[in-house]
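This is input.txt (compact mmCIF, C-alpha atoms and all ligand atoms).
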```
# COMPACT_ATOMS: atom_id res chain seq x y z
CA MET A 16 -15.47 76.15 100.86
CA LYS A 17 -14.94 79.85 100.18
CA THR A 18 -18.40 81.39 100.17
CA VAL A 19 -21.24 79.77 102.08
CA LEU A 20 -24.87 80.72 101.54
CA VAL A 21 -26.58 80.03 104.85
CA THR A 22 -30.37 80.02 104.70
CA GLY A 23 -32.23 80.69 107.95
CA GLY A 24 -29.11 82.19 109.50
CA ALA A 25 -31.06 84.55 111.76
CA GLY A 26 -32.84 81.69 113.51
CA PHE A 27 -31.66 79.55 116.40
CA ILE A 28 -29.31 76.97 114.86
CA GLY A 29 -28.53 79.04 111.77
CA SER A 30 -27.30 82.04 113.78
CA ASN A 31 -25.21 79.78 116.03
CA PHE A 32 -23.74 78.24 112.85
CA VAL A 33 -22.95 81.65 111.32
CA ARG A 34 -21.24 82.77 114.55
CA TYR A 35 -19.33 79.49 114.84
CA MET A 36 -18.16 79.46 111.21
CA LEU A 37 -17.00 83.09 111.28
CA ARG A 38 -14.96 82.19 114.39
CA VAL A 39 -13.36 78.92 113.24
CA GLU A 40 -13.07 79.54 109.48
CA PRO A 41 -11.20 82.87 109.12
CA ALA A 42 -11.13 82.71 105.30
CA VAL A 43 -14.79 81.88 104.74
CA LYS A 44 -17.39 84.46 103.70
CA ILE A 45 -21.02 83.97 104.73
CA ILE A 46 -24.06 85.16 102.84
CA ASN A 47 -27.00 84.88 105.20
CA LEU A 48 -30.44 84.68 103.55
CA ASP A 49 -33.31 84.88 106.03
CA ALA A 50 -36.90 86.07 105.72
CA LEU A 51 -36.97 87.24 109.37
CA THR A 52 -40.19 85.41 110.16
CA TYR A 53 -41.27 85.40 113.82
CA ALA A 54 -38.41 82.91 114.46
CA GLY A 55 -35.62 84.96 112.91
CA THR A 56 -34.22 88.14 114.37
CA LEU A 57 -31.26 90.43 113.85
CA GLU A 58 -30.86 90.28 117.64
CA ASN A 59 -29.24 86.89 116.97
CA LEU A 60 -26.59 88.45 114.74
CA LYS A 61 -25.26 91.17 117.01
CA THR A 62 -21.53 91.19 117.86
CA LEU A 63 -20.53 88.57 115.29
CA PRO A 64 -16.82 87.76 115.09
CA GLY A 65 -15.43 88.62 111.62
CA ALA A 66 -18.58 90.62 110.85
CA ASP A 67 -16.91 92.04 107.70
CA ARG A 68 -17.15 88.53 106.19
CA HIS A 69 -20.89 88.33 106.85
CA VAL A 70 -23.53 89.70 104.45
CA PHE A 71 -27.13 89.62 105.65
CA VAL A 72 -29.92 89.58 103.07
CA GLN A 73 -33.54 89.69 104.12
CA GLY A 74 -35.47 87.52 101.69
CA ASP A 75 -37.47 84.38 101.06
CA ILE A 76 -35.97 81.05 99.96
CA CYS A 77 -39.03 80.68 97.71
CA ASP A 78 -37.92 83.77 95.74
CA ARG A 79 -36.07 82.08 92.88
CA ALA A 80 -34.86 85.30 91.25
CA LEU A 81 -33.29 86.44 94.53
CA VAL A 82 -31.58 83.09 95.14
CA ASP A 83 -30.26 83.03 91.53
CA LYS A 84 -28.88 86.54 91.98
CA LEU A 85 -27.17 85.79 95.30
CA LEU A 86 -25.50 82.61 94.01
CA ARG A 87 -23.99 84.51 91.07
CA GLU A 88 -23.23 87.83 92.76
CA HIS A 89 -21.19 86.09 95.47
CA THR A 90 -19.97 83.04 93.50
CA VAL A 91 -21.39 80.76 96.17
CA ASP A 92 -19.75 77.31 96.29
CA THR A 93 -21.52 75.95 99.40
CA ILE A 94 -25.10 76.10 100.61
CA ALA A 95 -26.01 75.27 104.20
CA HIS A 96 -29.79 75.08 104.14
CA PHE A 97 -31.35 75.67 107.56
CA ALA A 98 -34.37 77.85 106.70
CA ALA A 99 -37.62 76.19 107.68
CA GLU A 100 -40.72 76.44 109.75
CA SER A 101 -39.51 74.40 112.70
CA HIS A 102 -42.11 74.14 115.46
CA VAL A 103 -44.27 71.01 115.63
CA ASP A 104 -47.10 72.71 117.56
CA ARG A 105 -47.34 75.52 114.99
CA SER A 106 -47.50 72.92 112.21
CA ILE A 107 -50.54 71.41 113.92
CA HIS A 108 -52.26 74.81 113.98
CA GLY A 109 -51.26 75.74 110.41
CA PRO A 110 -49.67 73.11 108.15
CA GLY A 111 -49.86 75.10 104.89
CA LEU A 112 -46.90 77.35 105.64
CA PHE A 113 -44.79 74.27 106.41
CA VAL A 114 -45.50 72.86 102.96
CA GLN A 115 -44.59 76.18 101.34
CA THR A 116 -41.36 76.89 103.23
CA ASN A 117 -40.03 73.43 103.92
CA ILE A 118 -40.98 71.66 100.69
CA VAL A 119 -41.39 74.35 98.03
CA GLY A 120 -38.58 76.45 99.53
CA THR A 121 -36.16 73.52 99.53
CA GLN A 122 -37.04 72.68 95.93
CA VAL A 123 -36.38 76.29 94.89
CA MET A 124 -32.98 76.19 96.62
CA LEU A 125 -32.10 72.85 95.01
CA ASP A 126 -33.10 73.97 91.54
CA ALA A 127 -31.23 77.25 91.82
CA ALA A 128 -28.11 75.32 92.91
CA ARG A 129 -28.51 72.86 90.03
CA GLN A 130 -28.76 75.66 87.48
CA ALA A 131 -25.83 77.63 88.93
CA TRP A 132 -23.41 74.77 89.54
CA LEU A 133 -24.29 72.05 87.04
CA VAL A 134 -25.59 74.09 84.08
CA ASP A 135 -23.99 77.55 84.29
CA LYS A 136 -20.95 76.27 86.21
CA ILE A 137 -20.40 79.42 88.24
CA VAL A 138 -18.00 77.22 90.24
CA GLU A 139 -16.55 73.80 89.44
CA PRO A 140 -19.22 71.21 90.39
CA ALA A 141 -16.43 69.23 92.10
CA VAL A 142 -16.04 71.93 94.77
CA ALA A 143 -19.75 72.71 95.21
CA ARG A 144 -21.88 71.36 98.04
CA PHE A 145 -25.54 71.59 99.05
CA HIS A 146 -25.96 70.63 102.69
CA HIS A 147 -29.51 70.04 103.90
CA VAL A 148 -30.22 70.32 107.62
CA SER A 149 -32.93 67.89 108.62
CA THR A 150 -34.37 66.23 111.68
CA ASP A 151 -34.70 62.87 113.43
CA GLU A 152 -38.47 63.44 113.46
CA VAL A 153 -38.70 62.11 109.88
CA PHE A 154 -38.28 58.59 111.35
CA GLY A 155 -41.38 58.80 113.56
CA SER A 156 -41.71 57.38 117.05
CA LEU A 157 -39.74 54.56 118.71
CA LYS A 158 -41.22 51.99 121.10
CA PRO A 159 -39.40 51.62 124.44
CA LYS A 160 -37.16 48.71 123.35
CA ASP A 161 -36.66 49.67 119.68
CA PRO A 162 -33.06 50.28 118.58
CA ALA A 163 -32.05 53.89 117.92
CA PHE A 164 -32.61 55.41 114.45
CA THR A 165 -29.87 54.74 111.90
CA GLU A 166 -29.37 56.37 108.50
CA THR A 167 -31.36 53.52 106.92
CA THR A 168 -34.39 53.57 109.24
CA HIS A 169 -37.49 54.01 107.08
CA TYR A 170 -39.33 57.32 107.15
CA ASP A 171 -42.56 57.46 109.17
CA PRO A 172 -43.27 61.12 110.06
CA SER A 173 -46.12 61.95 112.47
CA SER A 174 -46.67 65.73 112.31
CA PRO A 175 -47.16 68.16 109.43
CA TYR A 176 -43.71 69.54 110.38
CA SER A 177 -41.93 66.19 110.18
CA ALA A 178 -43.85 65.21 107.05
CA SER A 179 -42.70 68.41 105.36
CA LYS A 180 -39.09 67.80 106.41
CA ALA A 181 -39.34 64.20 105.14
CA ALA A 182 -40.57 65.50 101.78
CA SER A 183 -37.68 67.97 101.64
CA ASP A 184 -35.18 65.16 102.33
CA HIS A 185 -36.69 63.14 99.46
CA LEU A 186 -36.31 66.12 97.13
CA VAL A 187 -32.66 66.53 98.11
CA ARG A 188 -31.96 62.87 97.32
CA ALA A 189 -33.95 63.13 94.09
CA TYR A 190 -31.80 66.08 92.93
CA ALA A 191 -28.67 64.08 93.75
CA ARG A 192 -29.79 60.95 91.89
CA THR A 193 -31.48 62.64 88.93
CA TYR A 194 -29.17 65.58 88.25
CA GLY A 195 -26.00 64.67 90.14
CA LEU A 196 -26.29 67.61 92.55
CA PRO A 197 -23.51 67.25 95.17
CA VAL A 198 -25.51 66.99 98.39
CA THR A 199 -25.14 65.88 101.99
CA ILE A 200 -27.93 65.57 104.57
CA THR A 201 -27.87 65.57 108.36
CA ASN A 202 -30.78 64.29 110.43
CA CYS A 203 -30.28 65.75 113.86
CA SER A 204 -32.00 65.37 117.20
CA ASN A 205 -33.35 68.13 119.51
CA ASN A 206 -30.99 71.09 119.81
CA TYR A 207 -30.84 73.45 122.75
CA GLY A 208 -28.61 76.37 123.73
CA PRO A 209 -28.32 80.17 123.34
CA HIS A 210 -30.70 82.07 121.04
CA GLN A 211 -33.42 79.39 120.91
CA PHE A 212 -36.86 80.92 120.40
CA PRO A 213 -38.90 80.50 123.61
CA GLU A 214 -41.65 78.40 122.06
CA LYS A 215 -39.54 75.22 122.38
CA LEU A 216 -39.43 73.18 125.58
CA ILE A 217 -36.13 74.26 127.17
CA PRO A 218 -36.21 78.06 126.69
CA LEU A 219 -39.94 78.17 127.44
CA MET A 220 -39.40 76.37 130.74
CA ILE A 221 -36.42 78.57 131.65
CA LEU A 222 -38.28 81.84 131.01
CA ASN A 223 -41.55 80.70 132.59
CA GLY A 224 -39.59 79.50 135.62
CA ILE A 225 -37.74 82.82 135.99
CA ASN A 226 -41.07 84.66 135.83
CA GLY A 227 -43.03 82.34 138.10
CA ARG A 228 -45.36 81.21 135.33
CA PRO A 229 -46.66 77.61 134.99
CA LEU A 230 -44.34 75.03 133.41
CA PRO A 231 -46.67 73.22 130.96
CA VAL A 232 -45.65 69.57 130.59
CA TYR A 233 -47.57 67.79 127.80
CA GLY A 234 -49.29 64.59 128.98
CA ASP A 235 -47.30 62.48 131.44
CA GLY A 236 -43.96 64.10 130.50
CA GLN A 237 -42.40 60.69 129.85
CA GLN A 238 -41.70 61.41 126.16
CA ILE A 239 -38.04 60.95 125.31
CA ARG A 240 -35.89 63.19 123.13
CA ASP A 241 -32.18 62.99 122.28
CA TRP A 242 -30.71 66.36 123.31
CA LEU A 243 -27.75 68.02 121.61
CA TYR A 244 -26.06 71.31 122.54
CA VAL A 245 -26.33 73.56 119.49
CA GLU A 246 -22.60 74.22 119.07
CA ASP A 247 -22.01 70.48 118.82
CA HIS A 248 -24.48 70.42 115.92
CA CYS A 249 -22.62 73.30 114.23
CA GLU A 250 -19.34 71.44 114.62
CA ALA A 251 -20.85 68.31 113.06
CA ILE A 252 -22.14 70.25 110.04
CA ARG A 253 -18.73 71.85 109.51
CA ALA A 254 -17.06 68.41 109.69
CA ILE A 255 -19.48 67.12 107.05
CA LEU A 256 -19.01 70.14 104.78
CA LYS A 257 -15.26 69.59 104.93
CA ASN A 258 -14.93 65.81 104.95
CA GLY A 259 -18.37 64.23 104.55
CA ARG A 260 -18.91 62.00 101.54
CA VAL A 261 -21.05 63.52 98.79
CA GLY A 262 -24.48 61.88 98.55
CA GLU A 263 -24.37 60.62 102.14
CA THR A 264 -26.70 61.13 105.07
CA TYR A 265 -25.37 61.41 108.63
CA ASN A 266 -27.35 61.06 111.85
CA ILE A 267 -26.37 63.57 114.53
CA GLY A 268 -27.40 63.31 118.18
CA GLY A 269 -26.33 63.97 121.72
CA ASP A 270 -26.29 60.46 123.20
CA ASN A 271 -28.66 61.88 125.84
CA GLN A 272 -32.16 60.44 126.12
CA PRO A 273 -33.93 61.63 129.28
CA PRO A 274 -37.73 61.94 129.61
CA ASN A 275 -39.07 65.50 129.28
CA LEU A 276 -39.97 65.62 132.96
CA ASP A 277 -36.30 65.03 133.90
CA ILE A 278 -35.30 67.98 131.69
CA VAL A 279 -37.87 70.19 133.40
CA HIS A 280 -36.71 69.04 136.85
CA GLY A 281 -33.10 69.75 135.81
CA ILE A 282 -34.02 73.29 134.76
CA CYS A 283 -35.90 73.84 138.05
CA ALA A 284 -32.87 72.68 140.07
CA LEU A 285 -30.59 75.07 138.13
CA LEU A 286 -33.00 77.98 138.66
CA ASP A 287 -33.22 77.17 142.39
CA GLU A 288 -29.43 77.27 142.55
CA LEU A 289 -28.78 80.29 140.32
CA LEU A 290 -31.67 82.40 141.70
CA PRO A 291 -31.31 81.78 145.46
CA THR A 292 -33.60 84.68 146.42
CA SER A 293 -36.35 83.91 143.89
CA PRO A 294 -39.88 83.86 145.38
CA HIS A 295 -40.65 80.99 142.98
CA ARG A 296 -38.38 78.41 144.68
CA PRO A 297 -38.75 75.49 144.55
CA HIS A 298 -39.42 75.97 140.84
CA THR A 299 -40.84 72.43 140.58
CA SER A 300 -43.98 73.82 142.26
CA LEU A 301 -44.71 75.57 138.92
CA ILE A 302 -44.96 72.28 136.97
CA GLN A 303 -48.41 71.61 135.48
CA HIS A 304 -49.33 68.59 133.38
CA VAL A 305 -51.45 69.83 130.46
CA THR A 306 -53.28 68.28 127.50
CA ASP A 307 -50.89 66.33 125.29
CA ARG A 308 -49.80 67.25 121.75
CA PRO A 309 -51.89 65.39 119.10
CA GLY A 310 -49.83 62.68 117.38
CA HIS A 311 -47.05 63.22 119.93
CA ASP A 312 -44.01 61.04 119.18
CA ARG A 313 -43.14 59.08 122.30
CA ARG A 314 -39.45 58.45 121.89
CA TYR A 315 -36.51 59.46 119.67
CA ALA A 316 -32.95 58.14 119.89
CA MET A 317 -30.11 58.54 117.42
CA ASN A 318 -27.46 56.02 116.49
CA ILE A 319 -24.46 58.25 115.66
CA THR A 320 -21.94 55.51 114.93
CA LYS A 321 -21.49 56.56 111.29
CA VAL A 322 -20.50 60.18 111.89
CA LYS A 323 -18.24 59.15 114.78
CA ALA A 324 -16.47 56.47 112.74
CA GLU A 325 -16.14 58.40 109.46
CA LEU A 326 -15.48 61.92 110.70
CA GLY A 327 -14.38 61.53 114.30
CA TRP A 328 -17.16 63.88 115.42
CA THR A 329 -18.61 63.36 118.84
CA PRO A 330 -20.68 65.69 121.05
CA ARG A 331 -18.46 67.71 123.40
CA HIS A 332 -21.18 68.88 125.79
CA SER A 333 -22.94 66.67 128.30
CA LEU A 334 -26.54 67.47 129.14
CA GLN A 335 -25.41 68.78 132.54
CA THR A 336 -22.85 71.24 131.16
CA GLY A 337 -25.03 72.23 128.22
CA LEU A 338 -28.14 72.84 130.29
CA ARG A 339 -26.23 74.90 132.86
CA ALA A 340 -24.66 77.04 130.10
CA THR A 341 -28.09 77.50 128.52
CA VAL A 342 -29.89 78.56 131.71
CA GLN A 343 -27.01 80.95 132.45
CA TRP A 344 -27.22 82.42 128.94
CA TYR A 345 -30.93 83.24 129.33
CA LEU A 346 -30.26 84.79 132.76
CA ASP A 347 -27.42 86.88 131.31
CA HIS A 348 -29.38 88.18 128.28
CA PRO A 349 -32.55 89.90 129.53
CA GLU A 350 -32.38 92.38 126.64
CA TRP A 351 -32.56 89.53 124.09
CA VAL A 352 -35.44 87.94 125.99
CA ALA A 353 -37.32 91.26 126.18
CA ALA A 354 -36.87 91.90 122.44
CA ILE A 355 -38.26 88.46 121.58
CA GLN A 356 -41.13 88.56 124.05
CA GLN A 357 -42.19 92.05 122.92
CA GLN A 358 -42.35 90.89 119.31
CA ALA A 359 -45.81 91.15 117.75
CA GLY A 360 -47.42 87.75 117.82
CA TYR A 361 -45.39 86.09 120.57
CA GLN A 362 -48.01 86.39 123.31
CA GLN A 363 -50.78 85.51 120.84
CA TRP A 364 -48.93 82.27 120.07
CA ILE A 365 -48.55 81.43 123.75
CA ASP A 366 -52.26 82.12 124.34
CA ARG A 367 -53.25 80.12 121.28
CA ASN A 368 -51.15 77.08 122.13
CA TYR A 369 -51.70 76.95 125.88
CA ALA A 370 -55.07 78.60 126.66
CA LYS A 371 -57.17 75.55 125.89
CA ARG A 372 -54.70 72.98 127.22
CA GLY A 373 -55.47 73.67 130.89
CA GLY A 374 -53.78 71.97 133.83
CA LYS A 375 -54.42 68.25 134.17
P1 LIG A 401 -35.84 78.40 113.76
O1 LIG A 401 -37.32 78.32 113.63
O2 LIG A 401 -35.24 78.92 115.01
O3 LIG A 401 -35.25 79.29 112.58
C1 LIG A 401 -35.69 79.18 111.26
C2 LIG A 401 -35.14 80.37 110.48
O4 LIG A 401 -35.57 80.23 109.11
C3 LIG A 401 -35.65 81.71 110.98
O5 LIG A 401 -34.58 82.63 111.09
C4 LIG A 401 -36.64 82.14 109.91
O6 LIG A 401 -36.74 83.55 109.78
C5 LIG A 401 -36.04 81.49 108.68
N1 LIG A 401 -37.05 81.27 107.62
C6 LIG A 401 -38.26 80.69 107.76
N2 LIG A 401 -38.90 80.69 106.59
C7 LIG A 401 -38.05 81.27 105.68
C8 LIG A 401 -38.13 81.53 104.30
N3 LIG A 401 -39.22 81.23 103.59
N4 LIG A 401 -37.08 82.10 103.69
C9 LIG A 401 -35.97 82.43 104.41
N5 LIG A 401 -35.85 82.21 105.72
C10 LIG A 401 -36.87 81.63 106.35
O7 LIG A 401 -35.34 76.94 113.44
P2 LIG A 401 -34.09 76.12 114.06
O8 LIG A 401 -34.55 75.45 115.27
O9 LIG A 401 -32.91 76.98 114.05
O10 LIG A 401 -33.94 74.99 112.93
C11 LIG A 401 -33.13 75.22 111.78
C12 LIG A 401 -33.17 74.00 110.90
O11 LIG A 401 -32.71 72.86 111.63
C13 LIG A 401 -34.57 73.63 110.40
O12 LIG A 401 -34.45 73.17 109.08
C14 LIG A 401 -35.01 72.50 111.31
O13 LIG A 401 -35.91 71.64 110.66
C15 LIG A 401 -33.68 71.83 111.58
N6 LIG A 401 -33.57 71.10 112.85
C16 LIG A 401 -33.90 71.74 114.03
C17 LIG A 401 -33.70 71.07 115.24
C18 LIG A 401 -34.02 71.73 116.57
O14 LIG A 401 -34.00 71.04 117.59
N7 LIG A 401 -34.29 73.02 116.62
C19 LIG A 401 -33.23 69.76 115.24
C20 LIG A 401 -32.94 69.14 114.02
C21 LIG A 401 -33.10 69.83 112.83
O1 LIG A 402 -36.11 66.18 117.15
C1 LIG A 402 -35.71 67.32 116.44
C2 LIG A 402 -36.80 68.35 116.50
O2 LIG A 402 -36.79 68.86 117.82
C3 LIG A 402 -36.65 69.47 115.50
O3 LIG A 402 -36.74 68.94 114.20
C4 LIG A 402 -37.72 70.54 115.70
O4 LIG A 402 -37.49 71.64 114.83
C5 LIG A 402 -37.64 71.02 117.13
O5 LIG A 402 -38.68 71.95 117.38
C6 LIG A 402 -37.75 69.85 118.10
O6 LIG A 402 -39.08 69.26 118.08
P1 LIG A 402 -39.82 68.80 119.41
O7 LIG A 402 -41.26 68.79 119.14
O8 LIG A 402 -39.21 67.59 119.98
O9 LIG A 402 -39.39 70.06 120.37
P2 LIG A 402 -40.21 70.89 121.43
O10 LIG A 402 -39.23 71.72 122.17
O11 LIG A 402 -41.40 71.56 120.86
O12 LIG A 402 -40.74 69.76 122.44
C7 LIG A 402 -39.82 68.90 123.09
C8 LIG A 402 -40.65 67.93 123.92
O13 LIG A 402 -41.28 68.65 124.99
C9 LIG A 402 -41.78 67.27 123.17
O14 LIG A 402 -41.95 65.95 123.64
C10 LIG A 402 -42.99 68.11 123.53
C11 LIG A 402 -42.69 68.55 124.94
N1 LIG A 402 -43.23 69.88 125.32
C12 LIG A 402 -43.01 70.93 124.50
C13 LIG A 402 -43.49 72.17 124.81
C14 LIG A 402 -43.26 73.34 123.89
C15 LIG A 402 -43.92 70.03 126.52
O15 LIG A 402 -44.10 69.06 127.29
N2 LIG A 402 -44.39 71.27 126.83
C16 LIG A 402 -44.23 72.35 126.01
O16 LIG A 402 -44.72 73.45 126.37
```

Here is a file; write its structure as structure tokens.
Ligand code: NAD
Ligand code: DAU
Amino acid sequence: MKTVLVTGGAGFIGSNFVRYMLRVEPAVKIINLDALTYAGTLENLKTLPGADRHVFVQGDICDRALVDKLLREHTVDTIAHFAAESHVDRSIHGPGLFVQTNIVGTQVMLDAARQAWLVDKIVEPAVARFHHVSTDEVFGSLKPKDPAFTETTHYDPSSPYSASKAASDHLVRAYARTYGLPVTITNCSNNYGPHQFPEKLIPLMILNGINGRPLPVYGDGQQIRDWLYVEDHCEAIRAILKNGRVGETYNIGGDNQPPNLDIVHGICALLDELLPTSPHRPHTSLIQHVTDRPGHDRRYAMNITKVKAELGWTPRHSLQTGLRATVQWYLDHPEWVAAIQQQAGYQQWIDRNYAKRGGK
């Protein structure tokens, strides 16, 4: 692993991965290809460690000529493919973009890698690796007593987002089986932490709570997610890039499965503690139950035995420490928050998603 092409490296997980890799891999160079959609911002790439080993390129993963050029110009041996449309609610409002970016974009990346590594041999195929970052949502929804998802659980996606990610996973496996592309896949649970775009549950609740705005809980708030601190995810991907078996899939998760309402209560308690003079205390008074998400998956849980046993990876952060660090990060970075919230389209999205939901 000498030169890593990271796609989507200006988004939430991608930018945390770029920062983490530059810190822990002093010899690695990162080429960061990101279209800077609403979810990607150069604000996420300020003050990078080892910034001289980071090259940012604004561009689309669907642009085959650009991807071909970058692979050759930088003799890329590793691809860490994060770029995607990632928000379930946006996929319900507009599925077409999810098909284009998540399915077509992944196929473009795979085919460019196949041509560069297996046909033109810009690097020895034995040292090349295409890592695809996917989600636990491809497995669908668990019933209360169902066992956690394993790597062999059958796919049953519920939303246009998860269906598009499922299709991208199938394409990755198809390129491995048909052409021998050296791939690995991770299916990971819900991430949270610094730099997450405030359309997702945790940052939205933190920022609404700070500002005394309603905390919109979908339905009864008893849906269960498996929460993972983002740096733990980055560490898992690095472990797989270095020691994961080619062709394998690894489930990644946080071993944390609280209902959404517990997460919201946890954030409220942290805000009460960290903002002792806030006029919005107790922050739980801001909670409003609103109309549920259509097709809302009830429960996710990840069985992470394989990655623990094979690679010795295990999450370092508990939900308590991770949530505290996250709330503190948003309190400490008002300039980041302001830049995101002033972005064209942010308030329109909030209005579009929440206006008709109402309080319940
Ligand atoms: P994000 O929405 O924060 O960031 C996505 C990034 O991709 C943005 O920087 C955006 O500009 C970029 N992008 C979008 N379309 C692009 C295109 N056509 N070309 C180039 N760049 C493009 O997403 P995230 O939460 O950081 O998720 C990253 C990846 O991890 C996604 O593949 C997602 O499916 C997966 N994942 C996310 C989570 C989670 O909880 N957030 C969990 C498991 C897996
Ligand atoms: O499971 C992994 C997935 O986690 C990733 O693949 C996705 O990219 C990522 O967005 C995330 O999907 P979720 O739909 O689980 O995340 P979100 O933060 O949107 O919602 C988490 C839960 O909180 C979910 O049950 C819906 C609920 N929710 C969400 C929002 C935005 C609310 O109750 N209110 C809200 O306002």

Kindly provide, as a PyMOL selection string, the polymer residues lying within 12 Å of (-10.9, 80.8, 109.7), counting all atoms listed in the file and using the coordinates exactly as they appear in the file. chain A and resi 16-17+34-45+64-65+68+253

When the cut-off is 8 Å and you count only C-alpha atoms and all ligand atoms, which residues lie near ligand LIG 401 (chain A), shown as a ChimeraX atom specification? /A:22-30,48-56,73-77,96-102,115-117,120,147-152,180,202-207,211-212

Selection file, C-alpha atoms, as a JSON list (two decimals), in the coordinates of the input:
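After the write, again.json holds the following:
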```
[["chain", "number", "residue", "atom", "x", "y", "z"],
["A", 22, "THR", "CA", -30.37, 80.02, 104.70],
["A", 23, "GLY", "CA", -32.23, 80.69, 107.95],
["A", 24, "GLY", "CA", -29.11, 82.19, 109.50],
["A", 25, "ALA", "CA", -31.06, 84.55, 111.76],
["A", 26, "GLY", "CA", -32.84, 81.69, 113.51],
["A", 27, "PHE", "CA", -31.66, 79.55, 116.40],
["A", 28, "ILE", "CA", -29.31, 76.97, 114.86],
["A", 29, "GLY", "CA", -28.53, 79.04, 111.77],
["A", 30, "SER", "CA", -27.30, 82.04, 113.78],
["A", 48, "LEU", "CA", -30.44, 84.68, 103.55],
["A", 49, "ASP", "CA", -33.31, 84.88, 106.03],
["A", 50, "ALA", "CA", -36.90, 86.07, 105.72],
["A", 51, "LEU", "CA", -36.97, 87.24, 109.37],
["A", 52, "THR", "CA", -40.19, 85.41, 110.16],
["A", 53, "TYR", "CA", -41.27, 85.40, 113.82],
["A", 54, "ALA", "CA", -38.41, 82.91, 114.46],
["A", 55, "GLY", "CA", -35.62, 84.96, 112.91],
["A", 56, "THR", "CA", -34.22, 88.14, 114.37],
["A", 73, "GLN", "CA", -33.54, 89.69, 104.12],
["A", 74, "GLY", "CA", -35.47, 87.52, 101.69],
["A", 75, "ASP", "CA", -37.47, 84.38, 101.06],
["A", 76, "ILE", "CA", -35.97, 81.05, 99.96],
["A", 77, "CYS", "CA", -39.03, 80.68, 97.71],
["A", 96, "HIS", "CA", -29.79, 75.08, 104.14],
["A", 97, "PHE", "CA", -31.35, 75.67, 107.56],
["A", 98, "ALA", "CA", -34.37, 77.85, 106.70],
["A", 99, "ALA", "CA", -37.62, 76.19, 107.68],
["A", 100, "GLU", "CA", -40.72, 76.44, 109.75],
["A", 101, "SER", "CA", -39.51, 74.40, 112.70],
["A", 102, "HIS", "CA", -42.11, 74.14, 115.46],
["A", 115, "GLN", "CA", -44.59, 76.18, 101.34],
["A", 116, "THR", "CA", -41.36, 76.89, 103.23],
["A", 117, "ASN", "CA", -40.03, 73.43, 103.92],
["A", 120, "GLY", "CA", -38.58, 76.45, 99.53],
["A", 147, "HIS", "CA", -29.51, 70.04, 103.90],
["A", 148, "VAL", "CA", -30.22, 70.32, 107.62],
["A", 149, "SER", "CA", -32.93, 67.89, 108.62],
["A", 150, "THR", "CA", -34.37, 66.23, 111.68],
["A", 151, "ASP", "CA", -34.70, 62.87, 113.43],
["A", 152, "GLU", "CA", -38.47, 63.44, 113.46],
["A", 180, "LYS", "CA", -39.09, 67.80, 106.41],
["A", 202, "ASN", "CA", -30.78, 64.29, 110.43],
["A", 203, "CYS", "CA", -30.28, 65.75, 113.86],
["A", 204, "SER", "CA", -32.00, 65.37, 117.20],
["A", 205, "ASN", "CA", -33.35, 68.13, 119.51],
["A", 206, "ASN", "CA", -30.99, 71.09, 119.81],
["A", 207, "TYR", "CA", -30.84, 73.45, 122.75],
["A", 211, "GLN", "CA", -33.42, 79.39, 120.91],
["A", 212, "PHE", "CA", -36.86, 80.92, 120.40]]
```

Using all atoms listed in the file, find the one residue out of A:Gly109, A:His185, A:Pro213, A:Phe71 that sits nearest to Ala354 in chain A. A:Pro213

Pick out the residues no farther than 8 Å from ligand LIG 402 (chain A), counting all atoms listed in the file, and list them as number ranges by chain. A: 100-104, 149-152, 176-177, 203-206, 214-217, 219-220, 230-234, 236, 238-241, 275-276, 307-308, 311-313, 315, 369

For each of A:Pro159, A:Pro294, A:Pro175, A:Gly111, take the minimum atom-to-atom distance to Pro274 in chain A, counting all atoms listed in the file, then give the residue where this is smallest.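 Among the listed residues, A:Pro159 lies closest to Pro274 in chain A.
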
Between CA of Cys249 in chain A and CA of Lys84 in chain A - distance in Å to one decimal: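 About the pair CA of Lys84 in chain A and CA of Cys249 in chain A: they are 26.6 Å apart.
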
Using the atoms already present, construct N, CA and C atoms for range 344-350 of chain A and hand them back as a PDB file, in the frame of the given file.
```pdb
ATOM      1  N   TRP A 344     -27.128  81.493 130.083  1.00  0.00           N
ATOM      2  CA  TRP A 344     -27.220  82.420 128.940  1.00  0.00           C
ATOM      3  C   TRP A 344     -28.541  83.199 128.993  1.00  0.00           C
ATOM      4  N   TYR A 345     -29.644  82.532 129.277  1.00  0.00           N
ATOM      5  CA  TYR A 345     -30.930  83.240 129.330  1.00  0.00           C
ATOM      6  C   TYR A 345     -30.963  84.225 130.500  1.00  0.00           C
ATOM      7  N   LEU A 346     -30.321  83.854 131.621  1.00  0.00           N
ATOM      8  CA  LEU A 346     -30.260  84.790 132.760  1.00  0.00           C
ATOM      9  C   LEU A 346     -29.407  86.009 132.424  1.00  0.00           C
ATOM     10  N   ASP A 347     -28.364  85.793 131.627  1.00  0.00           N
ATOM     11  CA  ASP A 347     -27.420  86.880 131.310  1.00  0.00           C
ATOM     12  C   ASP A 347     -27.886  87.771 130.160  1.00  0.00           C
ATOM     13  N   HIS A 348     -28.970  87.417 129.472  1.00  0.00           N
ATOM     14  CA  HIS A 348     -29.380  88.180 128.280  1.00  0.00           C
ATOM     15  C   HIS A 348     -30.832  88.650 128.361  1.00  0.00           C
ATOM     16  N   PRO A 349     -31.163  89.428 129.399  1.00  0.00           N
ATOM     17  CA  PRO A 349     -32.550  89.900 129.530  1.00  0.00           C
ATOM     18  C   PRO A 349     -32.973  90.797 128.371  1.00  0.00           C
ATOM     19  N   GLU A 350     -32.003  91.488 127.754  1.00  0.00           N
ATOM     20  CA  GLU A 350     -32.380  92.380 126.640  1.00  0.00           C
ATOM     21  C   GLU A 350     -32.819  91.560 125.420  1.00  0.00           C
TER      22      GLU A 350
END
```
